[in-house]
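Text of the file input-v8.pdb, holding PDB, C-alpha atoms:
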MODEL        1
ATOM      1  CA  MET M  27      44.899 -45.043 -42.041
ATOM      2  CA  SER M  28      46.260 -43.097 -39.121
ATOM      3  CA  PRO M  29      43.833 -41.437 -36.746
ATOM      4  CA  ALA M  30      44.838 -37.955 -37.853
ATOM      5  CA  LEU M  31      44.355 -38.826 -41.511
ATOM      6  CA  HIS M  32      41.058 -40.439 -40.709
ATOM      7  CA  LEU M  33      39.996 -37.327 -38.853
ATOM      8  CA  ALA M  34      40.897 -35.158 -41.806
ATOM      9  CA  ALA M  35      39.180 -37.460 -44.277
ATOM     10  CA  THR M  36      35.874 -37.597 -42.464
ATOM     11  CA  GLY M  37      35.985 -33.853 -41.920
ATOM     12  CA  HIS M  38      34.803 -33.360 -38.365
ATOM     13  CA  GLY M  39      34.284 -29.777 -37.436
ATOM     14  CA  PHE M  40      32.956 -27.734 -34.578
ATOM     15  CA  LEU M  41      31.152 -25.345 -36.848
ATOM     16  CA  SER M  42      29.583 -27.893 -39.185
ATOM     17  CA  PRO M  43      27.322 -30.009 -37.010
ATOM     18  CA  THR M  44      25.678 -33.020 -38.535
ATOM     19  CA  GLY M  45      21.954 -33.605 -38.506
ATOM     20  CA  VAL M  46      22.230 -36.048 -35.610
ATOM     21  CA  GLU M  47      24.117 -33.465 -33.589
ATOM     22  CA  ILE M  48      21.490 -30.804 -34.231
ATOM     23  CA  ALA M  49      18.709 -33.215 -33.261
ATOM     24  CA  PHE M  50      20.650 -34.233 -30.141
ATOM     25  CA  LEU M  51      21.144 -30.591 -29.212
ATOM     26  CA  LEU M  52      17.482 -29.664 -29.641
ATOM     27  CA  VAL M  53      16.204 -32.683 -27.701
ATOM     28  CA  GLY M  54      18.871 -32.017 -25.078
ATOM     29  CA  ILE M  55      17.694 -28.436 -24.599
ATOM     30  CA  ALA M  56      14.105 -29.645 -24.196
ATOM     31  CA  THR M  57      15.221 -32.333 -21.738
ATOM     32  CA  LEU M  58      17.268 -29.897 -19.701
ATOM     33  CA  GLY M  59      14.416 -27.387 -19.613
ATOM     34  CA  ALA M  60      12.009 -30.055 -18.402
ATOM     35  CA  ALA M  61      14.525 -31.149 -15.758
ATOM     36  CA  VAL M  62      14.963 -27.581 -14.519
ATOM     37  CA  LEU M  63      11.180 -27.164 -14.345
ATOM     38  CA  THR M  64      10.986 -30.455 -12.423
ATOM     39  CA  VAL M  65      13.227 -29.146  -9.679
ATOM     40  CA  THR M  66      11.847 -25.593  -9.594
ATOM     41  CA  THR M  67       8.084 -25.773 -10.081
ATOM     42  CA  LYS M  68       5.904 -25.033  -7.081
ATOM     43  CA  GLN M  69       3.202 -27.530  -8.018
ATOM     44  CA  LEU M  70       4.117 -31.013  -6.905
ATOM     45  CA  VAL M  71       2.083 -32.915  -9.497
ATOM     46  CA  HIS M  72       3.471 -30.728 -12.281
ATOM     47  CA  ALA M  73       6.971 -31.693 -11.142
ATOM     48  CA  ALA M  74       6.119 -35.359 -11.769
ATOM     49  CA  LEU M  75       4.666 -34.530 -15.183
ATOM     50  CA  TRP M  76       7.748 -32.507 -16.181
ATOM     51  CA  LEU M  77       9.823 -35.486 -15.055
ATOM     52  CA  VAL M  78       7.978 -37.528 -17.704
ATOM     53  CA  VAL M  79       9.106 -35.038 -20.363
ATOM     54  CA  ALA M  80      12.703 -35.140 -19.115
ATOM     55  CA  LEU M  81      12.861 -38.949 -19.018
ATOM     56  CA  GLY M  82      11.225 -39.226 -22.439
ATOM     57  CA  GLY M  83      13.782 -36.789 -23.818
ATOM     58  CA  ILE M  84      16.568 -38.969 -22.439
ATOM     59  CA  ALA M  85      14.971 -41.957 -24.185
ATOM     60  CA  VAL M  86      15.110 -40.030 -27.466
ATOM     61  CA  GLU M  87      18.782 -39.278 -26.793
ATOM     62  CA  TYR M  88      19.408 -42.997 -26.381
ATOM     63  CA  LEU M  89      17.758 -43.590 -29.750
ATOM     64  CA  LEU M  90      20.005 -40.945 -31.321
ATOM     65  CA  LEU M  91      23.006 -42.725 -29.792
ATOM     66  CA  THR M  92      21.781 -45.959 -31.489
ATOM     67  CA  ALA M  93      21.024 -47.647 -28.173
ATOM     68  CA  GLU M  94      17.501 -48.651 -29.025
ATOM     69  CA  PHE M  95      16.987 -51.381 -26.444
ATOM     70  CA  ILE M  96      17.996 -49.038 -23.616
ATOM     71  CA  ALA M  97      15.624 -46.434 -25.022
ATOM     72  CA  TRP M  98      12.621 -48.743 -24.884
ATOM     73  CA  VAL M  99      13.577 -49.998 -21.434
ATOM     74  CA  GLN M 100      13.774 -46.367 -20.360
ATOM     75  CA  VAL M 101      10.292 -45.676 -21.707
ATOM     76  CA  LEU M 102       8.853 -48.814 -20.141
ATOM     77  CA  ILE M 103      10.420 -48.589 -16.690
ATOM     78  CA  TYR M 104      10.909 -44.887 -16.043
ATOM     79  CA  VAL M 105       8.054 -43.264 -17.912
ATOM     80  CA  GLY M 106       5.774 -46.248 -17.437
ATOM     81  CA  SER M 107       6.260 -47.293 -13.844
ATOM     82  CA  VAL M 108       8.564 -45.024 -11.853
ATOM     83  CA  VAL M 109       6.578 -41.879 -12.611
ATOM     84  CA  VAL M 110       3.323 -43.703 -11.857
ATOM     85  CA  LEU M 111       4.823 -44.782  -8.527
ATOM     86  CA  LEU M 112       5.837 -41.184  -7.811
ATOM     87  CA  LEU M 113       2.351 -39.918  -8.652
ATOM     88  CA  PHE M 114       0.833 -42.527  -6.340
ATOM     89  CA  GLY M 115       3.266 -41.444  -3.643
ATOM     90  CA  LEU M 116       2.227 -37.817  -4.103
ATOM     91  CA  MET M 117      -1.418 -38.788  -3.835
ATOM     92  CA  LEU M 118      -0.911 -40.979  -0.764
ATOM     93  CA  THR M 119       1.020 -38.266   1.075
ATOM     94  CA  LYS M 120      -1.878 -35.851   0.419
ATOM     95  CA  ALA M 121       0.105 -33.482  -1.778
ATOM     96  CA  PRO M 122      -1.740 -30.203  -2.373
ATOM     97  CA  ILE M 123      -3.181 -29.745  -5.843
ATOM     98  CA  GLY M 124      -2.427 -26.057  -6.237
ATOM     99  CA  PRO M 125       0.925 -24.325  -5.868
ATOM    100  CA  SER M 126       2.595 -25.004  -2.526
ATOM    101  CA  PRO M 127       4.822 -22.100  -1.494
ATOM    102  CA  ASP M 128       6.968 -24.231   0.831
ATOM    103  CA  ALA M 129       8.159 -26.658  -1.846
ATOM    104  CA  ASP M 130      11.683 -25.267  -1.563
ATOM    105  CA  SER M 131      13.534 -25.321   1.720
ATOM    106  CA  GLY M 132      15.542 -22.526   3.255
ATOM    107  CA  ASN M 133      18.908 -23.640   1.897
ATOM    108  CA  ARG M 134      17.936 -22.816  -1.680
ATOM    109  CA  PRO M 135      20.710 -20.220  -2.294
ATOM    110  CA  ALA M 136      23.349 -22.611  -0.984
ATOM    111  CA  ALA M 137      21.957 -25.393  -3.188
ATOM    112  CA  LEU M 138      22.008 -23.087  -6.207
ATOM    113  CA  ALA M 139      25.608 -22.099  -5.502
ATOM    114  CA  VAL M 140      26.713 -25.717  -5.123
ATOM    115  CA  ALA M 141      24.902 -26.798  -8.304
ATOM    116  CA  VAL M 142      26.239 -23.927 -10.411
ATOM    117  CA  ALA M 143      29.777 -24.444  -9.135
ATOM    118  CA  ALA M 144      29.618 -28.186  -9.815
ATOM    119  CA  ALA M 145      28.136 -27.606 -13.279
ATOM    120  CA  GLY M 146      30.795 -25.067 -14.206
ATOM    121  CA  LEU M 147      33.655 -27.222 -13.001
ATOM    122  CA  LEU M 148      32.374 -30.430 -14.597
ATOM    123  CA  VAL M 149      31.508 -28.801 -17.934
ATOM    124  CA  TRP M 150      34.970 -27.272 -18.069
ATOM    125  CA  VAL M 151      36.666 -30.591 -17.303
ATOM    126  CA  VAL M 152      34.503 -32.613 -19.713
ATOM    127  CA  VAL M 153      34.811 -30.200 -22.613
ATOM    128  CA  ASP M 154      38.542 -29.926 -22.086
ATOM    129  CA  ALA M 155      38.938 -33.703 -21.930
ATOM    130  CA  PHE M 156      36.762 -34.699 -24.907
ATOM    131  CA  ARG M 157      37.396 -31.767 -27.228
ATOM    132  CA  THR M 158      38.716 -33.927 -30.038
ATOM    133  CA  THR M 159      36.646 -37.056 -29.560
ATOM    134  CA  TRP M 160      33.947 -38.156 -31.943
ATOM    135  CA  ILE M 161      31.445 -40.964 -31.765
ATOM    136  CA  GLU M 162      31.291 -42.888 -35.027
ATOM    137  CA  LEU M 163      27.593 -43.472 -35.394
ATOM    138  CA  ASP M 164      27.873 -44.651 -39.011
ATOM    139  CA  LYS M 165      29.671 -47.893 -38.191
ATOM    140  CA  GLY M 166      26.520 -49.794 -37.399
ATOM    141  CA  VAL M 167      24.092 -49.951 -34.536
ATOM    142  CA  GLN M 168      25.807 -50.519 -31.214
ATOM    143  CA  GLY M 169      22.810 -51.158 -29.001
ATOM    144  CA  SER M 170      20.334 -53.204 -30.996
ATOM    145  CA  THR M 171      18.187 -55.631 -29.065
ATOM    146  CA  ALA M 172      20.052 -58.595 -30.547
ATOM    147  CA  ALA M 173      23.477 -57.256 -29.550
ATOM    148  CA  SER M 174      22.347 -56.190 -26.063
ATOM    149  CA  GLY M 175      20.594 -59.468 -25.370
ATOM    150  CA  GLU M 176      23.483 -61.541 -26.602
ATOM    151  CA  SER M 177      26.029 -59.751 -24.417
ATOM    152  CA  LEU M 178      23.648 -59.645 -21.454
ATOM    153  CA  PHE M 179      22.965 -63.373 -21.461
ATOM    154  CA  ARG M 180      26.442 -64.450 -22.474
ATOM    155  CA  HIS M 181      28.810 -62.245 -20.464
ATOM    156  CA  TRP M 182      26.566 -60.685 -17.826
ATOM    157  CA  VAL M 183      24.391 -63.594 -16.744
ATOM    158  CA  LEU M 184      25.587 -63.739 -13.140
ATOM    159  CA  PRO M 185      25.039 -60.024 -12.373
ATOM    160  CA  PHE M 186      21.693 -60.279 -14.138
ATOM    161  CA  GLU M 187      20.546 -63.107 -11.870
ATOM    162  CA  ALA M 188      21.922 -61.369  -8.780
ATOM    163  CA  LEU M 189      19.933 -58.326  -9.812
ATOM    164  CA  SER M 190      16.748 -60.351  -9.993
ATOM    165  CA  VAL M 191      17.361 -61.460  -6.402
ATOM    166  CA  LEU M 192      17.902 -57.821  -5.439
ATOM    167  CA  LEU M 193      14.622 -56.836  -7.088
ATOM    168  CA  LEU M 194      12.818 -59.581  -5.212
ATOM    169  CA  ALA M 195      14.370 -58.433  -1.929
ATOM    170  CA  ALA M 196      13.360 -54.839  -2.671
ATOM    171  CA  LEU M 197       9.818 -55.920  -3.462
ATOM    172  CA  VAL M 198       9.512 -57.908  -0.229
ATOM    173  CA  GLY M 199      11.066 -55.037   1.707
ATOM    174  CA  ALA M 200       8.627 -52.514   0.266
ATOM    175  CA  ILE M 201       5.696 -54.762   1.125
ATOM    176  CA  VAL M 202       6.942 -55.275   4.671
ATOM    177  CA  LEU M 203       7.534 -51.545   5.123
ATOM    178  CA  SER M 204       4.170 -50.437   3.827
ATOM    179  CA  ARG M 205       2.124 -53.155   5.508
ATOM    180  CA  LYS M 206       0.057 -51.888   8.399
ATOM    181  CA  THR M 207       1.555 -53.618  11.405
ATOM    182  CA  ALA M 208      -0.920 -55.093  13.860
ATOM    183  CA  GLU M 209       1.205 -55.124  17.018
ATOM    184  CA  PRO M 210       1.620 -51.398  17.775
ATOM    185  CA  ARG M 211      -2.087 -50.874  17.087
ATOM    186  CA  ASP M 212      -2.952 -53.450  19.773
ATOM    187  CA  ALA M 213      -0.534 -51.927  22.240
ATOM    188  CA  GLN M 214      -1.958 -48.516  21.532
ATOM    189  CA  SER M 215      -5.583 -49.580  21.971
ATOM    190  CA  GLY M 216      -4.612 -51.361  25.170
ATOM    191  CA  LYS M 217      -3.063 -48.145  26.394
ATOM    192  CA  GLU M 218      -6.210 -46.230  25.532
ATOM    193  CA  LYS M 219      -8.365 -48.696  27.420
ATOM    194  CA  ARG M 220      -6.275 -48.282  30.522
TER     195      ARG M 220
ATOM    196  CA  MET K   4      28.682 -37.063 -33.193
ATOM    197  CA  HIS K   5      30.952 -35.063 -30.944
ATOM    198  CA  LEU K   6      31.315 -36.807 -27.579
ATOM    199  CA  ALA K   7      31.036 -33.482 -25.777
ATOM    200  CA  TYR K   8      27.309 -33.204 -26.543
ATOM    201  CA  PRO K   9      26.126 -36.188 -24.449
ATOM    202  CA  ALA K  10      28.811 -35.586 -21.822
ATOM    203  CA  VAL K  11      27.822 -31.959 -21.278
ATOM    204  CA  LEU K  12      24.117 -32.834 -21.274
ATOM    205  CA  ALA K  13      24.773 -35.502 -18.645
ATOM    206  CA  VAL K  14      26.736 -33.026 -16.518
ATOM    207  CA  LEU K  15      23.975 -30.430 -16.673
ATOM    208  CA  LEU K  16      21.266 -32.982 -15.863
ATOM    209  CA  PHE K  17      23.319 -34.245 -12.932
ATOM    210  CA  CYS K  18      23.750 -30.750 -11.533
ATOM    211  CA  THR K  19      20.018 -30.059 -11.966
ATOM    212  CA  GLY K  20      19.317 -33.164  -9.906
ATOM    213  CA  LEU K  21      21.931 -32.070  -7.366
ATOM    214  CA  TYR K  22      20.178 -28.725  -6.968
ATOM    215  CA  GLY K  23      16.845 -30.512  -6.548
ATOM    216  CA  VAL K  24      18.166 -32.856  -3.882
ATOM    217  CA  LEU K  25      19.614 -29.962  -1.897
ATOM    218  CA  ALA K  26      16.818 -27.437  -2.345
ATOM    219  CA  ARG K  27      13.592 -29.422  -2.248
ATOM    220  CA  ARG K  28      11.644 -29.899   0.963
ATOM    221  CA  ASN K  29       9.156 -32.625   0.043
ATOM    222  CA  ALA K  30      10.742 -36.078   0.233
ATOM    223  CA  ILE K  31       9.072 -37.262  -2.978
ATOM    224  CA  LEU K  32      10.500 -34.306  -4.900
ATOM    225  CA  VAL K  33      13.916 -35.255  -3.518
ATOM    226  CA  LEU K  34      13.390 -38.762  -4.924
ATOM    227  CA  MET K  35      12.515 -37.258  -8.319
ATOM    228  CA  SER K  36      15.780 -35.310  -8.292
ATOM    229  CA  VAL K  37      17.671 -38.501  -7.461
ATOM    230  CA  GLU K  38      16.079 -40.079 -10.543
ATOM    231  CA  LEU K  39      17.380 -37.191 -12.644
ATOM    232  CA  MET K  40      20.908 -37.754 -11.332
ATOM    233  CA  LEU K  41      20.724 -41.490 -12.072
ATOM    234  CA  ASN K  42      19.527 -40.759 -15.591
ATOM    235  CA  ALA K  43      22.458 -38.441 -16.176
ATOM    236  CA  VAL K  44      24.813 -41.263 -15.214
ATOM    237  CA  ASN K  45      22.963 -43.643 -17.558
ATOM    238  CA  LEU K  46      23.325 -41.214 -20.448
ATOM    239  CA  ASN K  47      27.055 -41.044 -19.794
ATOM    240  CA  LEU K  48      27.344 -44.832 -19.705
ATOM    241  CA  VAL K  49      25.520 -45.248 -23.014
ATOM    242  CA  ALA K  50      27.488 -42.486 -24.724
ATOM    243  CA  PHE K  51      30.837 -43.927 -23.694
ATOM    244  CA  ASP K  52      29.748 -47.438 -24.625
ATOM    245  CA  VAL K  53      28.838 -46.266 -28.125
ATOM    246  CA  TRP K  54      32.065 -44.278 -28.379
ATOM    247  CA  LEU K  55      34.318 -47.151 -27.312
ATOM    248  CA  ARG K  56      32.434 -49.756 -29.405
ATOM    249  CA  ASP K  57      32.728 -52.111 -26.463
ATOM    250  CA  THR K  58      32.416 -55.710 -27.565
ATOM    251  CA  LEU K  59      31.147 -56.761 -24.131
ATOM    252  CA  HIS K  60      28.558 -53.943 -24.177
ATOM    253  CA  ALA K  61      29.575 -53.184 -20.608
ATOM    254  CA  GLY K  62      28.103 -49.684 -20.653
ATOM    255  CA  GLN K  63      24.692 -50.818 -21.809
ATOM    256  CA  ALA K  64      24.608 -53.775 -19.442
ATOM    257  CA  LEU K  65      25.501 -51.429 -16.576
ATOM    258  CA  THR K  66      22.801 -49.029 -17.718
ATOM    259  CA  LEU K  67      20.215 -51.805 -17.552
ATOM    260  CA  PHE K  68      21.428 -52.751 -14.086
ATOM    261  CA  THR K  69      21.282 -49.122 -12.967
ATOM    262  CA  ILE K  70      17.711 -48.812 -14.236
ATOM    263  CA  ALA K  71      16.698 -51.940 -12.300
ATOM    264  CA  ILE K  72      18.425 -50.717  -9.134
ATOM    265  CA  ALA K  73      16.761 -47.314  -9.536
ATOM    266  CA  ALA K  74      13.386 -49.023  -9.758
ATOM    267  CA  ALA K  75      14.126 -50.944  -6.559
ATOM    268  CA  GLU K  76      15.340 -47.744  -4.893
ATOM    269  CA  ILE K  77      12.230 -45.778  -5.807
ATOM    270  CA  GLY K  78      10.017 -48.569  -4.479
ATOM    271  CA  ILE K  79      11.785 -48.788  -1.143
ATOM    272  CA  GLY K  80      12.107 -45.000  -0.901
ATOM    273  CA  LEU K  81       8.424 -44.420  -1.486
ATOM    274  CA  ALA K  82       7.527 -47.105   1.053
ATOM    275  CA  ILE K  83       9.716 -45.347   3.642
ATOM    276  CA  VAL K  84       8.250 -41.931   2.779
ATOM    277  CA  LEU K  85       4.710 -43.289   3.100
ATOM    278  CA  LEU K  86       5.575 -44.844   6.458
ATOM    279  CA  VAL K  87       7.022 -41.557   7.695
ATOM    280  CA  HIS K  88       3.975 -39.707   6.455
ATOM    281  CA  ARG K  89       1.686 -42.155   8.218
ATOM    282  CA  ASN K  90       3.578 -41.834  11.500
ATOM    283  CA  ARG K  91       4.304 -38.113  11.468
ATOM    284  CA  GLY K  92       1.700 -36.595   9.183
ATOM    285  CA  THR K  93       4.362 -34.930   7.068
ATOM    286  CA  ALA K  94       6.838 -35.859   4.354
ATOM    287  CA  ASP K  95       8.953 -32.705   4.626
ATOM    288  CA  VAL K  96      12.598 -33.539   5.125
ATOM    289  CA  ASP K  97      13.115 -30.286   7.032
ATOM    290  CA  LYS K  98      10.767 -31.382   9.791
ATOM    291  CA  LEU K  99      12.329 -34.795  10.385
ATOM    292  CA  ARG K 100      14.980 -33.665  12.806
ATOM    293  CA  ASP K 101      15.007 -36.363  15.435
ATOM    294  CA  LEU K 102      18.693 -37.038  14.917
ATOM    295  CA  ALA K 103      19.670 -33.361  14.810
ATOM    296  CA  ASP K 104      21.628 -31.729  17.591
ATOM    297  CA  PRO K 105      19.301 -29.905  19.961
ATOM    298  CA  PRO K 106      19.488 -26.115  19.553
ATOM    299  CA  SER K 107      21.438 -24.350  22.248
ATOM    300  CA  ASP K 108      19.068 -21.416  22.763
ATOM    301  CA  GLY K 109      15.375 -22.204  22.816
ATOM    302  CA  GLN K 110      13.427 -24.269  20.359
ATOM    303  CA  ASP K 111      13.097 -23.525  16.689
ATOM    304  CA  PRO K 112       9.477 -22.427  16.199
ATOM    305  CA  MET K 113       9.326 -24.134  12.793
ATOM    306  CA  ASP K 114      10.276 -27.450  14.212
ATOM    307  CA  ASP K 115       7.609 -29.283  16.159
ATOM    308  CA  SER K 116       9.015 -32.791  16.150
ATOM    309  CA  MET K 117      12.216 -31.964  18.041
ATOM    310  CA  ALA K 118      10.734 -32.910  21.378
ATOM    311  CA  ALA K 119       8.920 -35.939  20.016
ATOM    312  CA  PRO K 120      11.212 -38.797  19.088
ATOM    313  CA  THR K 121      10.117 -41.678  16.949
ATOM    314  CA  ASP K 122       7.474 -43.701  18.704
ATOM    315  CA  ASN K 123       6.955 -42.085  22.056
ATOM    316  CA  ASP K 124       3.708 -41.305  23.801
ATOM    317  CA  ALA K 125       3.106 -37.854  22.336
ATOM    318  CA  ASP K 126       3.483 -39.169  18.817
ATOM    319  CA  GLN K 127       1.183 -42.086  19.421
ATOM    320  CA  ALA K 128      -1.369 -39.892  21.121
ATOM    321  CA  ARG K 129      -1.361 -37.621  18.092
ATOM    322  CA  ARG K 130      -1.845 -40.613  15.857
ATOM    323  CA  ALA K 131      -4.672 -41.912  18.020
ATOM    324  CA  ARG K 132      -6.368 -38.536  17.855
ATOM    325  CA  ARG K 133      -6.104 -38.544  14.090
ATOM    326  CA  GLN K 134      -7.575 -42.018  13.910
ATOM    327  CA  THR K 135     -10.516 -41.249  16.144
ATOM    328  CA  ALA K 136     -11.251 -37.994  14.348
TER     329      ALA K 136
ENDMDL
END

Go through the file and emit its structure as structure tokens.
Amino acid sequence: MSPALHLAATGHGFLSPTGVEIAFLLVGIATLGAAVLTVTTKQLVHAALWLVVALGGIAVEYLLLTAEFIAWVQVLIYVGSVVVLLLFGLMLTKAPIGPSPDADSGNRPAALAVAVAAAGLLVWVVVDAFRTTWIELDKGVQGSTAASGESLFRHWVLPFEALSVLLLAALVGAIVLSRKTAEPRDAQSGKEKR
Amino acid sequence: MHLAYPAVLAVLLFCTGLYGVLARRNAILVLMSVELMLNAVNLNLVAFDVWLRDTLHAGQALTLFTIAIAAAEIGIGLAIVLLVHRNRGTADVDKLRDLADPPSDGQDPMDDSMAAPTDNDADQARRARRQTA
């Protein structure tokens, strides 16, 4: 069957969205709204909590794209640990609880202009490029845990192991950075004694 | 599913993160915006992997690697932000201007760290005062 015939037979249409598309659209609107609130809210802790909503929405989008393993990894790592790290960071830097009026810097109009220009240009390019492209979600699950694990440990073993070394290096680096160093304290107290 | 849905969502999320990186003042909020941008890229990778039916699952493997690298990045970034906050008493990226060109006419009133580079006497004296207080 030629691609054109196939296209006609399955009956794709712009104006007849499938249920998956409608679900994707609704979750996408919620995700985008949460993301916009994350970057615009004046309360720092609320920004982290809206980030949870945005990342959870992206996990749901992964599920709709049949990438279930990625979805659960997203929930575990982003919603579970990265946001907790960010909240701890906010607490340790003594973030104010209430609204902080100086959350946005002075170059806000320039940032808005750059973001809107980039969004317009990229949306135009992407829509123009993928106008007639459809994802066949009915042909079986693409990202089941079995499929992902098999490809990861058969074809991607070396990058996987290199990544574990990178994670270890990052862990050691974070510990070294956040450890209270003893030497400058001694020098400083010596200076005070003088 | 039409491929334009995930692609456009990824573009909009990326540009939201771009706005956040440029407009936010607190360094931790900047890190949150960076996470949004990385997630947009991940969504693109997964969508194109599912579209192409890649037998190597390259898109999903790359997504997993990106998630791991993002976790490493957020750990290191937060450690650096905490260190800066401990040394300077602030995590605002606007006030960390040690590497900026000095202003030609007078000092910016908003900017109190211009005359105090990283670990000089004034900075350490301020830290000592905070510790004794």

At a cut-off of 7 Å, can you tabulate as CSV every residue of range 43-112 of chain K near range 109-122 of chain M together with its closest atom pair and the distance in Å to one decimal, using all atoms listed in the file and ordering rows by chain then number?
residue,atom,partner,partner_atom,distance
K:Leu81,CA,M:Gly115,CA,6.3
K:Leu85,CA,M:Thr119,CA,6.6
K:His88,CA,M:Thr119,CA,6.3

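Put simply, CA of Leu75 in chain M is 24.5 Å away from CA of Ala145 in chain M.
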
Which residues of chain K sit at most 7 Å from chain M, using only C-alpha atoms? Give each one's shortest atom pair and distance in Å (one decimal place), in chain and ascending residue order, as a Markdown table.
| residue | atom | partner | partner_atom | distance |
| --- | --- | --- | --- | --- |
| K:Met4 | CA | M:Ile161 | CA | 5.0 |
| K:His5 | CA | M:Trp160 | CA | 4.4 |
| K:Leu6 | CA | M:Trp160 | CA | 5.3 |
| K:Ala7 | CA | M:Phe156 | CA | 5.9 |
| K:Ala10 | CA | M:Val152 | CA | 6.8 |
| K:Val11 | CA | M:Val149 | CA | 5.9 |
| K:Leu12 | CA | M:Gly54 | CA | 6.5 |
| K:Val14 | CA | M:Ala145 | CA | 6.5 |
| K:Leu15 | CA | M:Ala145 | CA | 6.1 |
| K:Leu16 | CA | M:Leu58 | CA | 6.3 |
| K:Cys18 | CA | M:Ala141 | CA | 5.2 |
| K:Thr19 | CA | M:Val62 | CA | 6.2 |
| K:Leu21 | CA | M:Ala141 | CA | 6.1 |
| K:Tyr22 | CA | M:Ala141 | CA | 5.3 |
| K:Gly23 | CA | M:Val65 | CA | 5.0 |
| K:Leu25 | CA | M:Ala137 | CA | 5.3 |
| K:Ala26 | CA | M:Arg134 | CA | 4.8 |
| K:Arg27 | CA | M:Asp130 | CA | 4.6 |
| K:Arg28 | CA | M:Ser131 | CA | 5.0 |
| K:Asn29 | CA | M:Ala129 | CA | 6.3 |
| K:Ile31 | CA | M:Leu116 | CA | 7.0 |
| K:Ser36 | CA | M:Val65 | CA | 6.8 |
| K:Ala50 | CA | M:Leu91 | CA | 6.8 |
| K:Val53 | CA | M:Gln168 | CA | 6.1 |
| K:Trp54 | CA | M:Ile161 | CA | 4.8 |
| K:Arg56 | CA | M:Gln168 | CA | 6.9 |
| K:Leu59 | CA | M:Ser177 | CA | 5.9 |
| K:His60 | CA | M:Ser177 | CA | 6.3 |
| K:Ala64 | CA | M:Leu178 | CA | 6.3 |
| K:Ala74 | CA | M:Val108 | CA | 6.6 |
| K:Ala75 | CA | M:Ala196 | CA | 5.6 |
| K:Gly78 | CA | M:Ala200 | CA | 6.3 |
| K:Ile79 | CA | M:Ala200 | CA | 5.1 |
| K:Leu81 | CA | M:Gly115 | CA | 6.3 |
| K:Ala82 | CA | M:Ser204 | CA | 5.5 |
| K:Ile83 | CA | M:Leu203 | CA | 6.7 |
| K:Leu85 | CA | M:Thr119 | CA | 6.6 |
| K:Leu86 | CA | M:Ser204 | CA | 6.3 |
| K:His88 | CA | M:Thr119 | CA | 6.3 |

Please identify all polymer residues within 8 Å of Leu48 in chain K, counting all atoms listed in the file, omitting same-chain residues fewer than 6 positions from it, and present them as a list in words.
->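 Once the nearby chain positions are removed, what remains is Gly62, Gln63, Leu65 and Thr66 of chain K.
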
Centre and edges of the range 52-63 of chain K box, axis-aligned, 6 Å extra per side, as lines of an AutoDock Vina configuration file:
center_x = 29.5
center_y = -50.5
center_z = -25.0
size_x = 21.6
size_y = 24.5
size_z = 20.8

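CA of Ile72 in chain K lies 16.1 Å from CA of Val183 in chain M.
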
Residue contacts of Asn42 in chain K (9 Å, all atoms listed in the file) excluding same-chain residues fewer than 3 positions away, as a CSV table (one decimal) with C-alpha atoms, keeping the file's coordinate frame:
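result-v7.csv, freshly written:
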chain,number,residue,atom,x,y,z
M,81,LEU,CA,12.9,-38.9,-19.0
M,84,ILE,CA,16.6,-39.0,-22.4
K,13,ALA,CA,24.8,-35.5,-18.6
K,16,LEU,CA,21.3,-33.0,-15.9
K,17,PHE,CA,23.3,-34.2,-12.9
K,37,VAL,CA,17.7,-38.5,-7.5
K,38,GLU,CA,16.1,-40.1,-10.5
K,39,LEU,CA,17.4,-37.2,-12.6
K,45,ASN,CA,23.0,-43.6,-17.6
K,46,LEU,CA,23.3,-41.2,-20.4
K,47,ASN,CA,27.1,-41.0,-19.8
K,69,THR,CA,21.3,-49.1,-13.0
K,70,ILE,CA,17.7,-48.8,-14.2

One decimal, Å: what's the distance from CA of Ala61 in chain K over to CA of Val49 in chain K, could you say?
-> 9.2 Å

Using all atoms listed in the file, which residues sit within 8 Å of Ala56 in chain M once same-chain residues fewer than 4 positions away are excluded, as a list in words?
->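 In the requested form, the answer reads Leu52, Ala60, Ala80 and Gly83 of chain M.
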